[in-house]
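Report on the structure given below.
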Amino acid sequence: MPTAHEIIVRGTPVQMLRDGSGPPLLFLHGAGGAGRWLAFQELLAKDFSVYFPSHPGHGGSRAAEWIEHISDLAFHYLDLLDRLGLERAHLVGASFGGWIAAEVATMASHRLASLVLIDPVGIRVDGWIYPFLFGMDIPEIVTTLFQKPMAALALAPSDQSVDTLALQYRQGTALARVSWNPYLYNPLLRRRLGRITAPTLLCWGAHDRLAPLAPCGEAWAREILGARLRVFADSGHVPHLEEPDAVAEAIGEFCRLREGAR
Amino acid sequence: MKFYYFHLMPYIMEHDAPSSWVTLSNRHYDPVMGHTLYNQYLDQLEQAERLGWDGLCVNEHHQNCYGTMPSPNVMAAMLVRRTTKAKIAILGNGLPLRENPLRIAEEIAMLDVASGGRVISGFVRGISAEYFSTGVNPTHSRDRFYEAAELILRAWTEEGPFPYDGRFYRYPYVNPWPRPIQKPHPPVWCPSQGSSETVEWAAKRRFPYLMVFTPIKRIAQIYGEYREACEKNGYKASRYQLTVNVPIVVAESDSKARELAKKHVMWVFNVGLRMHPPFWRPPGYMTEASLRRLLANPPKLPSELEFEEADREGYLIYGSPATVRDKLRVFSDELQAGILCSGMTGPSHEQTLEMMQLFAEEVMPHFRDDANVDETAGVGR
């Protein structure tokens, strides 16, 4: 079982789950994934010291007014690495968390033992417009994001109390602040992806309907030099929830190799 | 009491789509029908002046069949040249929805100068759905509203040119031509849903507060909060700062009026305001405190409102002239509202005009003890 911690990152309080031993691995969650320590994290913790913070405004972490742009979140995680005293770490990000991870990698690849992006958003891809999740109700969102709808149950709220609804609103607000328009991308990120020198693994659900393998996954694979692309045949946008064993295994293998190479 | 004729300019239609806003396909819009409607609606507004209404109201909404006035200033411009006495109340321009709010300062000044000072300028944030139609980030809505409002007020009142450097809006030269003819600037109104932040903001600046389509109990509560906020700011609210928009149906008998109200007013709530639930609540449009207040006492969605409840809660007024007079006394005497901004909808253009005439002859004269008062003196600026 992970332990819960509150740490202060340059004045911003953050809730963080932590478990496992081995080389440090920082996991950045997607929208709705805050504080959800599931089979995927459990598997990673067998080989790594897993650090799983909630983004400001998500999960138990208080909203941070100073975060206005996706780069603010990237700097926040560089500060978090400093706060944890981690000179180098494996960085794994899913969806929105993958976007933040990619931003971090364009700034400071030398801090990353490896970079793993699971169905990231964050770049503009010709011929594709991300479906507007903010305009969807829950059933539409589940259909868009999941190939295995049952996997979405892991993210379902425990109740419909005012506190729970307020938390969801706070999470949506924190997300919208940095992603409403341009929707789910930073116009500057794509050309900066060439700066990423950390060994990179792209994990992609074959049936992602938010950011489909073609053209999105293929664009990421082209832009990041030497990136490896692994496709998960039974997954939509969230393969680490839909096929946690296969994704954790792929990540473990990739990261262990990079440990050995050092 | 002062009477302003309020028009939504709806595109009245039935449909099975989940939302009348944002996603209702514009293939349903027939421009030839639209041509007829626009001209009938403008005829109604012009007729309202002739029948004795003190003001004519237009407003801004986007991408829906509820109200087809994406640019209220365009409609106001048409009215300015076809009327001579009535105030032209634009209720309002959605300030945060504009990338260049100086354009609002310019357009309102144009209308004010052309009309000889008859313009009232409503400042609104735009309702939740507009943020899906315009792409503006709803988490910026409140801050953009305040910033744009201050910028527009400065542009109207300070000699230009001056530089402006805000969080959302930046200009090396603010120097709009023309300047408004009303001094220090056209009256500003705040049409709103009653968020406590907006009540405070409006009361502090003496901006009249307009409650739209709200049950009577809530109007009474918000008016109370507004009056209190005025007193905290060291003055007593004028009754012309308390305005209300409630749909009215008047007919020769109560039963006839009830039948019309049930069909035509309820269309506004049940169809016109039918909205896909996510469009009601874009992230960050409300403060978390406002959201918690709302969730603690969740209001009924307009699309689920039934006529009996709407009637009981005072969402609308209908009846014979005598009944309507009695119901209006609640607004004029109990709520002490100074201005009634109401539109009327009959089954046809002709019947709407007849209804307006009936109201003007049988109802309005009974509320005219303030006929010689200028409702804009000292308020809204």
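FYI, nothing fancy with the structure tokens labels: chains A, B, ... in order, residues from 1 per chain, ligands from 1 as they appear.
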Checklist entry - Quick one: which residues from chain B are at most 6 Å off chain A, using only C-alpha atoms, as a list of chain:residue names? => result B:Asn137, B:Thr139, B:Pro278, B:Pro283, B:Gly284
Checklist entry - Can you tell me, as a ChimeraX atom specification, what residues are no more than 8 Å from Arg258 of chain A when counting only C-alpha atoms, ignoring any on the same chain fewer than 6 positions away? => result /A:113-114,199
Write out the residues from the selection above, keeping all heavy atoms, as a PDB file, in the first residue's frame.
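Contents of result_11.pdb, freshly written:
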ATOM      1  N   ALA A 113      16.038   9.931 -16.661  1.00  0.00           N
ATOM      2  CA  ALA A 113      16.669   8.664 -17.010  1.00  0.00           C
ATOM      3  C   ALA A 113      15.962   8.083 -18.233  1.00  0.00           C
ATOM      4  O   ALA A 113      16.579   7.446 -19.083  1.00  0.00           O
ATOM      5  CB  ALA A 113      16.592   7.705 -15.834  1.00  0.00           C
ATOM      6  N   SER A 114      14.662   8.310 -18.291  1.00  0.00           N
ATOM      7  CA  SER A 114      13.897   7.947 -19.479  1.00  0.00           C
ATOM      8  C   SER A 114      12.579   8.722 -19.435  1.00  0.00           C
ATOM      9  O   SER A 114      12.213   9.293 -18.402  1.00  0.00           O
ATOM     10  CB  SER A 114      13.612   6.439 -19.525  1.00  0.00           C
ATOM     11  OG  SER A 114      12.664   6.112 -18.524  1.00  0.00           O
ATOM     12  N   PRO A 199      15.877   8.977 -23.556  1.00  0.00           N
ATOM     13  CA  PRO A 199      15.299   7.838 -24.270  1.00  0.00           C
ATOM     14  C   PRO A 199      13.789   7.801 -24.038  1.00  0.00           C
ATOM     15  O   PRO A 199      13.351   7.914 -22.881  1.00  0.00           O
ATOM     16  CB  PRO A 199      15.970   6.614 -23.641  1.00  0.00           C
ATOM     17  CG  PRO A 199      16.825   7.101 -22.528  1.00  0.00           C
ATOM     18  CD  PRO A 199      16.855   8.585 -22.525  1.00  0.00           C
TER      19      PRO A 199
END
Using only C-alpha atoms, what table do you get, as a Markdown table, when you list each residue of segment 147-236 of chain A with an atom no more than 12 Å from segment 38-46 of chain A, its nearest pair of atoms, and their distance in Å rounded to one decimal, rows by chain then rising number?
| residue | atom | partner | partner_atom | distance |
| --- | --- | --- | --- | --- |
| A:Ala151 | CA | A:Leu38 | CA | 10.9 |
| A:Ala152 | CA | A:Leu38 | CA | 11.9 |
| A:Leu153 | CA | A:Leu38 | CA | 11.6 |
| A:Ala154 | CA | A:Leu38 | CA | 7.9 |
| A:Leu155 | CA | A:Leu38 | CA | 9.8 |
Keeping all heavy atoms, export the residues of the selection given above as a compact mmCIF listing (two decimals), in the first residue's frame.
# COMPACT_ATOMS: atom_id res chain seq x y z
N ALA A 151 -13.24 -0.41 -17.38
CA ALA A 151 -12.03 0.12 -16.76
C ALA A 151 -12.27 1.52 -16.20
O ALA A 151 -11.57 1.97 -15.29
CB ALA A 151 -10.87 0.15 -17.78
N ALA A 152 -13.28 2.22 -16.75
CA ALA A 152 -13.57 3.58 -16.28
C ALA A 152 -14.10 3.59 -14.86
O ALA A 152 -14.01 4.60 -14.17
CB ALA A 152 -14.58 4.25 -17.22
N LEU A 153 -14.65 2.45 -14.43
CA LEU A 153 -15.21 2.39 -13.06
C LEU A 153 -14.16 2.73 -12.01
O LEU A 153 -14.48 3.26 -10.95
CB LEU A 153 -15.79 1.00 -12.79
CG LEU A 153 -17.09 0.70 -13.54
CD1 LEU A 153 -17.52 -0.75 -13.28
CD2 LEU A 153 -18.19 1.67 -13.14
N ALA A 154 -12.89 2.43 -12.34
CA ALA A 154 -11.82 2.71 -11.38
C ALA A 154 -11.70 4.20 -11.09
O ALA A 154 -11.15 4.60 -10.07
CB ALA A 154 -10.49 2.17 -11.90
N LEU A 155 -12.20 5.04 -12.00
CA LEU A 155 -12.09 6.49 -11.82
C LEU A 155 -13.40 7.11 -11.32
O LEU A 155 -13.48 8.31 -11.10
CB LEU A 155 -11.70 7.18 -13.14
CG LEU A 155 -10.39 6.74 -13.79
CD1 LEU A 155 -10.13 7.56 -15.04
CD2 LEU A 155 -9.22 6.88 -12.82
Next on the checklist: I'd like the neighbourhood of segment 25-35 of chain A as a ChimeraX atom specification, where a residue qualifies if any of its atoms comes within 8 Å (using only C-alpha atoms), though same-chain residues fewer than 5 positions away should be ignored.
Outcome noted: /A:16-17,48-55,58-60,89-98,100-101,155,171,175
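For the residues A:Asp19, A:Glu218, A:Glu243, A:Asp234, ranking by smallest atom-to-atom distance to Val125 of chain A using only C-alpha atoms places A:Glu218 first.
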Next on the checklist: Based on the backbone DSSP call, show me all residues of segment 10-233 of chain A assigned alpha helix (DSSP H), as a PyMOL selection string.
Outcome noted: chain A and resi 39-44+70-84+96-108+138-145+162-179+189-192+218-223
Output C-alpha atoms for every residue in the selection just made, as a CSV table (one decimal), in the first residue's frame.
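Contents of the output file selection-v1.csv:
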chain,number,residue,atom,x,y,z
A,39,ALA,CA,-2.9,-2.1,-10.5
A,40,PHE,CA,-0.7,-0.1,-12.9
A,41,GLN,CA,1.1,1.8,-10.1
A,42,GLU,CA,1.2,-1.3,-7.9
A,43,LEU,CA,3.1,-3.2,-10.7
A,44,LEU,CA,5.6,-0.3,-11.3
A,70,ILE,CA,1.1,24.3,-19.2
A,71,SER,CA,4.7,25.4,-18.8
A,72,ASP,CA,3.9,26.5,-15.2
A,73,LEU,CA,3.1,22.8,-14.5
A,74,ALA,CA,6.3,21.7,-16.1
A,75,PHE,CA,8.3,24.1,-14.0
A,76,HIS,CA,6.4,22.9,-11.0
A,77,TYR,CA,7.5,19.3,-11.6
A,78,LEU,CA,11.1,20.4,-12.1
A,79,ASP,CA,10.8,22.0,-8.7
A,80,LEU,CA,9.2,18.9,-7.3
A,81,LEU,CA,12.3,16.8,-8.5
A,82,ASP,CA,14.5,19.3,-6.7
A,83,ARG,CA,12.3,19.2,-3.6
A,84,LEU,CA,12.5,15.4,-3.5
A,96,PHE,CA,-2.7,15.3,-19.8
A,97,GLY,CA,0.2,14.1,-17.6
A,98,GLY,CA,2.0,13.0,-20.7
A,99,TRP,CA,1.7,16.6,-22.1
A,100,ILE,CA,3.3,18.0,-18.9
A,101,ALA,CA,6.0,15.3,-19.1
A,102,ALA,CA,6.8,16.2,-22.7
A,103,GLU,CA,7.0,19.9,-21.7
A,104,VAL,CA,9.4,18.9,-18.9
A,105,ALA,CA,11.5,16.8,-21.3
A,106,THR,CA,11.9,19.8,-23.7
A,107,MET,CA,13.2,21.9,-20.8
A,108,ALA,CA,15.5,19.4,-19.0
A,138,ILE,CA,-20.0,11.3,-18.5
A,139,PRO,CA,-21.3,8.5,-20.9
A,140,GLU,CA,-19.9,10.4,-23.9
A,141,ILE,CA,-16.6,10.9,-22.2
A,142,VAL,CA,-16.3,7.2,-21.3
A,143,THR,CA,-17.1,6.2,-24.9
A,144,THR,CA,-14.5,8.6,-26.2
A,145,LEU,CA,-11.7,7.6,-23.8
A,162,VAL,CA,-21.4,18.5,-2.6
A,163,ASP,CA,-17.8,18.0,-1.6
A,164,THR,CA,-17.2,15.4,-4.3
A,165,LEU,CA,-19.0,17.5,-7.0
A,166,ALA,CA,-17.0,20.6,-5.8
A,167,LEU,CA,-13.8,18.5,-6.1
A,168,GLN,CA,-14.7,17.5,-9.7
A,169,TYR,CA,-15.5,21.1,-10.6
A,170,ARG,CA,-12.1,22.2,-9.1
A,171,GLN,CA,-10.3,19.6,-11.2
A,172,GLY,CA,-12.1,20.6,-14.3
A,173,THR,CA,-11.3,24.2,-13.6
A,174,ALA,CA,-7.6,23.5,-13.0
A,175,LEU,CA,-7.6,21.5,-16.3
A,176,ALA,CA,-9.5,24.2,-18.3
A,177,ARG,CA,-7.2,27.0,-17.1
A,178,VAL,CA,-4.3,25.5,-19.1
A,179,SER,CA,-6.1,23.6,-21.8
A,189,LEU,CA,5.5,22.3,-28.0
A,190,ARG,CA,5.6,20.4,-31.3
A,191,ARG,CA,8.7,22.1,-32.7
A,192,ARG,CA,10.4,21.9,-29.3
A,218,GLU,CA,2.6,8.7,-35.4
A,219,ALA,CA,3.3,12.5,-35.2
A,220,TRP,CA,4.9,12.1,-31.7
A,221,ALA,CA,7.0,9.2,-33.0
A,222,ARG,CA,8.3,11.3,-35.8
A,223,GLU,CA,9.1,14.4,-33.7
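Atom CA of Cys190 of chain B is positioned 9.5 Å from atom CA of Arg125 of chain B.
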Item to check | All strand (DSSP E) positions in segment 31-176 of chain A, as a list in words | outcome: Ser49, Val50, Tyr51, Phe52, Pro53, Ala89, His90, Leu91, Val92, Gly93, Ala94, Leu112, Ala113, Ser114, Leu115, Val116, Leu117 and Ile118 of chain A
Residue selection dump (N, CA, C and O atoms) as a short mmCIF file (atom, residue, chain, number, x, y, z; two decimals), in the first residue's frame:
data_model
loop_
_atom_site.label_atom_id
_atom_site.label_comp_id
_atom_site.auth_asym_id
_atom_site.auth_seq_id
_atom_site.Cartn_x
_atom_site.Cartn_y
_atom_site.Cartn_z
N SER A 49 10.95 3.09 -7.20
CA SER A 49 10.39 3.97 -6.18
C SER A 49 9.44 4.91 -6.89
O SER A 49 9.87 5.81 -7.61
N VAL A 50 8.13 4.65 -6.72
CA VAL A 50 7.15 5.41 -7.49
C VAL A 50 6.68 6.64 -6.70
O VAL A 50 6.26 6.51 -5.53
N TYR A 51 6.77 7.80 -7.32
CA TYR A 51 6.26 9.06 -6.76
C TYR A 51 5.05 9.48 -7.60
O TYR A 51 5.18 9.62 -8.82
N PHE A 52 3.90 9.63 -6.97
CA PHE A 52 2.65 9.88 -7.69
C PHE A 52 1.95 11.10 -7.06
O PHE A 52 1.06 10.94 -6.22
N PRO A 53 2.37 12.30 -7.48
CA PRO A 53 1.73 13.51 -6.94
C PRO A 53 0.43 13.82 -7.68
O PRO A 53 0.24 13.43 -8.83
N ALA A 89 15.42 10.99 -12.76
CA ALA A 89 14.31 10.06 -12.50
C ALA A 89 13.73 9.60 -13.82
O ALA A 89 13.89 10.28 -14.85
N HIS A 90 13.08 8.46 -13.80
CA HIS A 90 12.23 8.07 -14.93
C HIS A 90 10.96 8.90 -14.83
O HIS A 90 10.39 9.04 -13.73
N LEU A 91 10.50 9.43 -15.96
CA LEU A 91 9.29 10.25 -15.95
C LEU A 91 8.24 9.58 -16.82
O LEU A 91 8.46 9.34 -18.02
N VAL A 92 7.10 9.27 -16.21
CA VAL A 92 6.01 8.60 -16.92
C VAL A 92 4.77 9.50 -16.83
O VAL A 92 4.36 9.89 -15.73
N GLY A 93 4.20 9.83 -17.97
CA GLY A 93 3.00 10.67 -17.94
C GLY A 93 1.93 10.11 -18.85
O GLY A 93 2.21 9.61 -19.94
N ALA A 94 0.66 10.19 -18.38
CA ALA A 94 -0.46 9.67 -19.17
C ALA A 94 -1.37 10.81 -19.58
O ALA A 94 -1.74 11.64 -18.75
N LEU A 112 16.20 13.40 -16.87
CA LEU A 112 15.35 12.22 -17.06
C LEU A 112 16.16 10.99 -17.46
O LEU A 112 16.88 11.02 -18.46
N ALA A 113 16.04 9.93 -16.66
CA ALA A 113 16.67 8.66 -17.01
C ALA A 113 15.96 8.08 -18.23
O ALA A 113 16.58 7.45 -19.08
N SER A 114 14.66 8.31 -18.29
CA SER A 114 13.90 7.95 -19.48
C SER A 114 12.58 8.72 -19.44
O SER A 114 12.21 9.29 -18.40
N LEU A 115 11.90 8.75 -20.59
CA LEU A 115 10.61 9.43 -20.69
C LEU A 115 9.61 8.45 -21.27
O LEU A 115 9.87 7.84 -22.32
N VAL A 116 8.49 8.27 -20.58
CA VAL A 116 7.43 7.40 -21.09
C VAL A 116 6.15 8.22 -21.23
O VAL A 116 5.69 8.83 -20.25
N LEU A 117 5.61 8.27 -22.42
CA LEU A 117 4.38 9.02 -22.66
C LEU A 117 3.29 8.05 -23.07
O LEU A 117 3.44 7.32 -24.05
N ILE A 118 2.20 8.04 -22.27
CA ILE A 118 1.08 7.15 -22.56
C ILE A 118 -0.04 7.98 -23.19
O ILE A 118 -0.63 8.83 -22.53
#
Item to check | Selected residue, from B:Arg118, B:His28, B:Arg274, B:Lys300, that lies nearest to Lys183 of chain B when counting only C-alpha atoms | outcome: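 Under the stated criterion, the closest residue is B:Arg118.
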Checklist entry - Between atom CA of Ala233 of chain A and atom CA of Gln147 of chain A, what is the spacing in Å? => result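 Atom CA of Gln147 of chain A sits 9.8 Å away from atom CA of Ala233 of chain A.
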Next on the checklist: Need the shell around Cys203 of chain A: protein/DNA/RNA residues with any atom at most 9 Å away, counting only C-alpha atoms. Skip same-chain ones fewer than 4 positions apart. Format as a list in words?
Outcome noted: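 What passes the distance filter is Val116, Leu117, Ile118, Asp119, Pro120, Gly217, Arg228, Leu229, Arg230, Val231, Phe232, Pro239, His240, Val247, Ala250 and Ile251 of chain A.
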For the residues selected in the previous step, produce a file with C-alpha atoms as a PDB file, in the first residue's frame.
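Ended up saving to part25.pdb:
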ATOM      1  CA  VAL A 116       7.428   7.396 -21.093  1.00  0.00           C
ATOM      2  CA  LEU A 117       4.379   9.024 -22.664  1.00  0.00           C
ATOM      3  CA  ILE A 118       1.081   7.152 -22.560  1.00  0.00           C
ATOM      4  CA  ASP A 119      -1.343   8.520 -25.180  1.00  0.00           C
ATOM      5  CA  PRO A 120      -0.190  12.085 -24.573  1.00  0.00           C
ATOM      6  CA  GLY A 217       0.797   8.789 -32.125  1.00  0.00           C
ATOM      7  CA  ARG A 228       9.994   3.761 -29.606  1.00  0.00           C
ATOM      8  CA  LEU A 229       6.282   3.264 -30.151  1.00  0.00           C
ATOM      9  CA  ARG A 230       4.399   0.404 -28.480  1.00  0.00           C
ATOM     10  CA  VAL A 231       0.789  -0.145 -29.424  1.00  0.00           C
ATOM     11  CA  PHE A 232      -1.700  -1.833 -27.081  1.00  0.00           C
ATOM     12  CA  PRO A 239      -4.031   1.711 -21.809  1.00  0.00           C
ATOM     13  CA  HIS A 240      -2.498   1.821 -18.311  1.00  0.00           C
ATOM     14  CA  VAL A 247       1.772  -1.462 -20.147  1.00  0.00           C
ATOM     15  CA  ALA A 250       6.613  -2.592 -21.351  1.00  0.00           C
ATOM     16  CA  ILE A 251       7.572   0.381 -19.202  1.00  0.00           C
TER      17      ILE A 251
END
Item to check | Nearest to Arg368 of chain B by atom-to-atom distance, counting only C-alpha atoms, from B:Gly272, B:Pro96, B:Pro299, B:Gly52 | outcome: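 That would be B:Gly52, the residue with the smallest distance to Arg368 of chain B.
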Item to check | Proximity to Pro208 of chain B - best of B:Val265, B:Leu111, B:Ile339, B:Leu79, only C-alpha atoms | outcome: B:Ile339
Checklist entry - Which polymer residues have any atom within 10 Å of an atom of Ala148 of chain B, counting only C-alpha atoms, with same-chain residues fewer than 4 positions away left out, as a VMD selection string? => result chain B and resid 94 to 102 104 to 105 123 142 to 144 152 to 154 166 168 to 169
Shell of 7 Å around Ile196 of chain A, only C-alpha atoms, local chain residues under 2 positions omitted, as a PDB file with N, CA and C atoms, in the first residue's frame:
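Final output, saved to selection.pdb:
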ATOM      1  N   ALA A 105      10.424  17.433 -20.519  1.00  0.00           N
ATOM      2  CA  ALA A 105      11.535  16.841 -21.275  1.00  0.00           C
ATOM      3  C   ALA A 105      12.149  17.845 -22.255  1.00  0.00           C
ATOM      4  N   THR A 106      11.326  18.771 -22.796  1.00  0.00           N
ATOM      5  CA  THR A 106      11.896  19.773 -23.707  1.00  0.00           C
ATOM      6  C   THR A 106      12.751  20.772 -22.935  1.00  0.00           C
ATOM      7  N   SER A 109      15.890  17.514 -20.393  1.00  0.00           N
ATOM      8  CA  SER A 109      16.053  16.073 -20.668  1.00  0.00           C
ATOM      9  C   SER A 109      17.151  15.459 -19.812  1.00  0.00           C
ATOM     10  N   LEU A 193       9.795  19.489 -29.502  1.00  0.00           N
ATOM     11  CA  LEU A 193       9.994  18.064 -29.180  1.00  0.00           C
ATOM     12  C   LEU A 193      11.351  17.582 -29.658  1.00  0.00           C
ATOM     13  N   GLY A 194      11.905  18.219 -30.688  1.00  0.00           N
ATOM     14  CA  GLY A 194      13.226  17.859 -31.194  1.00  0.00           C
ATOM     15  C   GLY A 194      14.327  18.043 -30.165  1.00  0.00           C
ATOM     16  N   ALA A 198      16.182  12.541 -23.886  1.00  0.00           N
ATOM     17  CA  ALA A 198      15.977  11.368 -23.019  1.00  0.00           C
ATOM     18  C   ALA A 198      15.435  10.223 -23.869  1.00  0.00           C
ATOM     19  N   ILE A 224       9.986  12.989 -31.923  1.00  0.00           N
ATOM     20  CA  ILE A 224      10.969  12.721 -30.861  1.00  0.00           C
ATOM     21  C   ILE A 224      11.990  11.733 -31.403  1.00  0.00           C
TER      22      ILE A 224
END
Item to check | Neighbour list for Lys85 of chain B as a list of chain:residue names, cut-off 10 Å, only C-alpha atoms, skip fewer than 2 positions in-chain | outcome: B:Glu49, B:Arg50, B:Gly52, B:Trp53, B:Asp54, B:Gly55, B:Val80, B:Thr83, B:Lys87, B:Ile88, B:Ser115, B:Gly116, B:Arg118
